[in-house]
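Accompanying notes for the structure given below.
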Amino acid sequence: LVRSRGLGDVYKRQVSTQSTGTFFSFFSMNSRDIGGTAVLFGALHVGALGFVSFCSTPAIVHLTKVKDHNKVVSEFFPVWWIAGRNFMGPLGAISGLSYIAASYHTGNNKWLIPACLSLAIFPHTYFFMGTPIKNLMKSTDDIDVQAEAKKFVGLHQIRLLLSVAGLGYALYLHHM
């Protein structure tokens, strides 16, 4: 017995071929797609840093004004900092690396400028924010917690500005 191929079999083959083609086209992105992806990750990074700058850090400064503030800050800040670091570190790295990928795939080395701005957050955090972070982690009575919190907030704003500058330039490059 020979089974004839009906219209349904032809349709199934076409859908299967189109689905496979769509799936594999994701991995062969053009330079415009790569730039858009880099901008997306940059925007996510700016959004997360903006939330911290405008919501979390003012809360930390407020906690330094409550009764037993050293105890409150010493219990809150280590949990907040570690959770934030574990989220923001990879997000910042992905943002910076996506800008580098855009530079590679487009052949436009100007994409390295937002990459450097985005990745500059890591040494800024280590070299300039290290002392306030360590002091807020332990928050003993011999530390001026309010001064350290204000210093941390001010230094955190620089991280946001670096990321915003990188995203702004990436948007410019993407729409050139």
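A note on labels: chains of the structure tokens are A, B, ... as shown, every chain counts residues from 1, and ligands are counted from 1 in their shown order.
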Please identify every residue of range 94-176 of chain A that has at least one atom no farther than 7 Å from an atom of range 40-45 of chain A, counting only C-alpha atoms, and for each give the shortest atom pair and the distance in Å to one decimal, arranged by chain then increasing number, as a tab-separated table.
```
residue	atom	partner	partner_atom	distance
A:Ile94	CA	A:Phe41	CA	7.0
A:Ser95	CA	A:Phe41	CA	4.9
A:Leu167	CA	A:Gly42	CA	5.5
```
So that I can check the surroundings of Ser74 in chain A, please list as a ChimeraX atom specification every protein, DNA and RNA residue that reaches within 6 Å of it, counting only C-alpha atoms and ignoring chain neighbours fewer than 4 positions away. /A:70,137-139
Next, write the just-selected residues to a file, as a CSV table (one decimal), in the first residue's frame, keeping N, CA, C and O atoms as the atom set.
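Wrote part29.csv, looks like this:
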```csv
chain,number,residue,atom,x,y,z
A,70,ASN,N,23.0,51.9,64.4
A,70,ASN,CA,24.1,51.0,64.1
A,70,ASN,C,23.7,49.6,64.1
A,70,ASN,O,24.1,48.9,63.2
A,137,MET,N,28.9,47.6,56.5
A,137,MET,CA,28.7,46.1,56.7
A,137,MET,C,28.8,45.8,58.2
A,137,MET,O,28.1,45.0,58.8
A,138,LYS,N,29.8,46.5,58.9
A,138,LYS,CA,30.0,46.2,60.3
A,138,LYS,C,29.3,47.2,61.2
A,138,LYS,O,28.9,46.8,62.3
A,139,SER,N,29.2,48.4,60.8
A,139,SER,CA,28.4,49.5,61.6
A,139,SER,C,28.6,49.4,63.1
A,139,SER,O,27.6,49.4,63.8
```
Would you list the contacts of Ala149 in chain A as a PyMOL selection string, taking every protein, DNA or RNA residue within 10 Å and counting only C-alpha atoms, but skipping same-chain residues closer than 5 positions in sequence? chain A and resi 57-58+60-64+73+132-133+135-136+144+154-155
Include all heavy atoms and write out the residues we just selected as a short mmCIF file (atom, residue, chain, number, x, y, z; two decimals), in the first residue's frame.
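Result file again.cif:
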```cif
data_model
loop_
_atom_site.label_atom_id
_atom_site.label_comp_id
_atom_site.auth_asym_id
_atom_site.auth_seq_id
_atom_site.Cartn_x
_atom_site.Cartn_y
_atom_site.Cartn_z
N THR A 57 18.94 53.55 48.25
CA THR A 57 19.92 54.32 49.02
C THR A 57 19.28 55.39 49.90
O THR A 57 19.77 55.61 51.02
CB THR A 57 21.02 54.91 48.10
OG1 THR A 57 20.41 55.68 47.07
CG2 THR A 57 21.87 53.81 47.49
N PRO A 58 18.19 56.05 49.48
CA PRO A 58 17.55 56.96 50.44
C PRO A 58 17.00 56.22 51.67
O PRO A 58 17.01 56.76 52.78
CB PRO A 58 16.41 57.59 49.63
CG PRO A 58 16.84 57.49 48.22
CD PRO A 58 17.61 56.21 48.14
N ILE A 60 18.40 53.62 53.03
CA ILE A 60 19.57 53.35 53.89
C ILE A 60 19.92 54.60 54.69
O ILE A 60 20.19 54.52 55.90
CB ILE A 60 20.76 52.85 53.05
CG1 ILE A 60 20.45 51.47 52.49
CG2 ILE A 60 22.04 52.83 53.88
CD1 ILE A 60 21.43 50.98 51.45
N VAL A 61 19.92 55.75 54.04
CA VAL A 61 20.20 57.00 54.76
C VAL A 61 19.16 57.22 55.86
O VAL A 61 19.49 57.62 56.97
CB VAL A 61 20.26 58.20 53.79
CG1 VAL A 61 20.32 59.52 54.54
CG2 VAL A 61 21.45 58.07 52.86
N HIS A 62 17.89 56.92 55.56
CA HIS A 62 16.85 57.06 56.58
C HIS A 62 17.10 56.12 57.75
O HIS A 62 16.89 56.50 58.91
CB HIS A 62 15.47 56.79 55.97
CG HIS A 62 14.38 56.79 57.00
ND1 HIS A 62 13.90 57.97 57.56
CD2 HIS A 62 13.70 55.79 57.59
CE1 HIS A 62 12.98 57.68 58.45
NE2 HIS A 62 12.82 56.36 58.49
N LEU A 63 17.55 54.91 57.49
CA LEU A 63 17.82 53.96 58.57
C LEU A 63 18.92 54.44 59.50
O LEU A 63 18.97 54.03 60.67
CB LEU A 63 18.19 52.58 58.01
CG LEU A 63 17.07 51.80 57.34
CD1 LEU A 63 17.61 50.50 56.74
CD2 LEU A 63 15.95 51.49 58.34
N THR A 64 19.79 55.31 59.02
CA THR A 64 20.86 55.82 59.89
C THR A 64 20.34 56.85 60.88
O THR A 64 21.07 57.27 61.77
CB THR A 64 21.99 56.48 59.05
OG1 THR A 64 21.48 57.63 58.38
CG2 THR A 64 22.59 55.50 58.06
N VAL A 73 21.36 49.18 60.81
CA VAL A 73 22.15 49.20 59.57
C VAL A 73 23.04 47.97 59.48
O VAL A 73 23.17 47.36 58.42
CB VAL A 73 22.97 50.50 59.46
CG1 VAL A 73 23.94 50.46 58.29
CG2 VAL A 73 22.04 51.70 59.32
N PRO A 132 33.42 52.70 52.42
CA PRO A 132 32.06 52.88 52.96
C PRO A 132 31.28 51.56 53.04
O PRO A 132 30.53 51.35 54.00
CB PRO A 132 31.39 53.85 51.99
CG PRO A 132 32.49 54.54 51.28
CD PRO A 132 33.65 53.59 51.28
N ILE A 133 31.47 50.69 52.07
CA ILE A 133 30.77 49.40 52.10
C ILE A 133 31.22 48.59 53.31
O ILE A 133 30.38 48.07 54.05
CB ILE A 133 31.01 48.62 50.78
CG1 ILE A 133 30.28 49.31 49.63
CG2 ILE A 133 30.56 47.17 50.92
CD1 ILE A 133 30.67 48.81 48.26
N ASN A 135 32.53 49.66 56.09
CA ASN A 135 32.08 50.32 57.31
C ASN A 135 30.58 50.11 57.55
O ASN A 135 30.15 49.91 58.69
CB ASN A 135 32.41 51.80 57.28
CG ASN A 135 33.89 52.06 57.45
OD1 ASN A 135 34.63 51.22 57.96
ND2 ASN A 135 34.34 53.20 56.98
N LEU A 136 29.79 50.15 56.50
CA LEU A 136 28.36 49.92 56.66
C LEU A 136 28.04 48.45 56.93
O LEU A 136 27.03 48.13 57.55
CB LEU A 136 27.59 50.41 55.43
CG LEU A 136 27.55 51.93 55.26
CD1 LEU A 136 27.01 52.31 53.90
CD2 LEU A 136 26.71 52.56 56.37
N ASP A 144 30.95 56.56 62.13
CA ASP A 144 29.87 57.51 61.90
C ASP A 144 29.03 56.95 60.74
O ASP A 144 29.32 57.18 59.57
CB ASP A 144 30.44 58.88 61.56
CG ASP A 144 29.37 59.94 61.39
OD1 ASP A 144 28.16 59.61 61.47
OD2 ASP A 144 29.74 61.11 61.15
N GLY A 154 26.43 59.08 47.62
CA GLY A 154 27.08 59.96 46.64
C GLY A 154 27.91 59.19 45.63
O GLY A 154 27.87 59.46 44.43
N LEU A 155 28.66 58.22 46.13
CA LEU A 155 29.49 57.41 45.23
C LEU A 155 28.63 56.50 44.34
O LEU A 155 29.03 56.18 43.22
CB LEU A 155 30.49 56.59 46.05
CG LEU A 155 31.59 57.41 46.73
CD1 LEU A 155 32.35 56.56 47.73
CD2 LEU A 155 32.53 58.00 45.69
#
```
Measuring between only C-alpha atoms, which one of A:Ile158, A:Lys134, A:Trp80, A:Ile143 shows the shortest distance to Ile121 in chain A?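 When distances to Ile121 in chain A are compared using only C-alpha atoms, the smallest one comes from A:Ile158.
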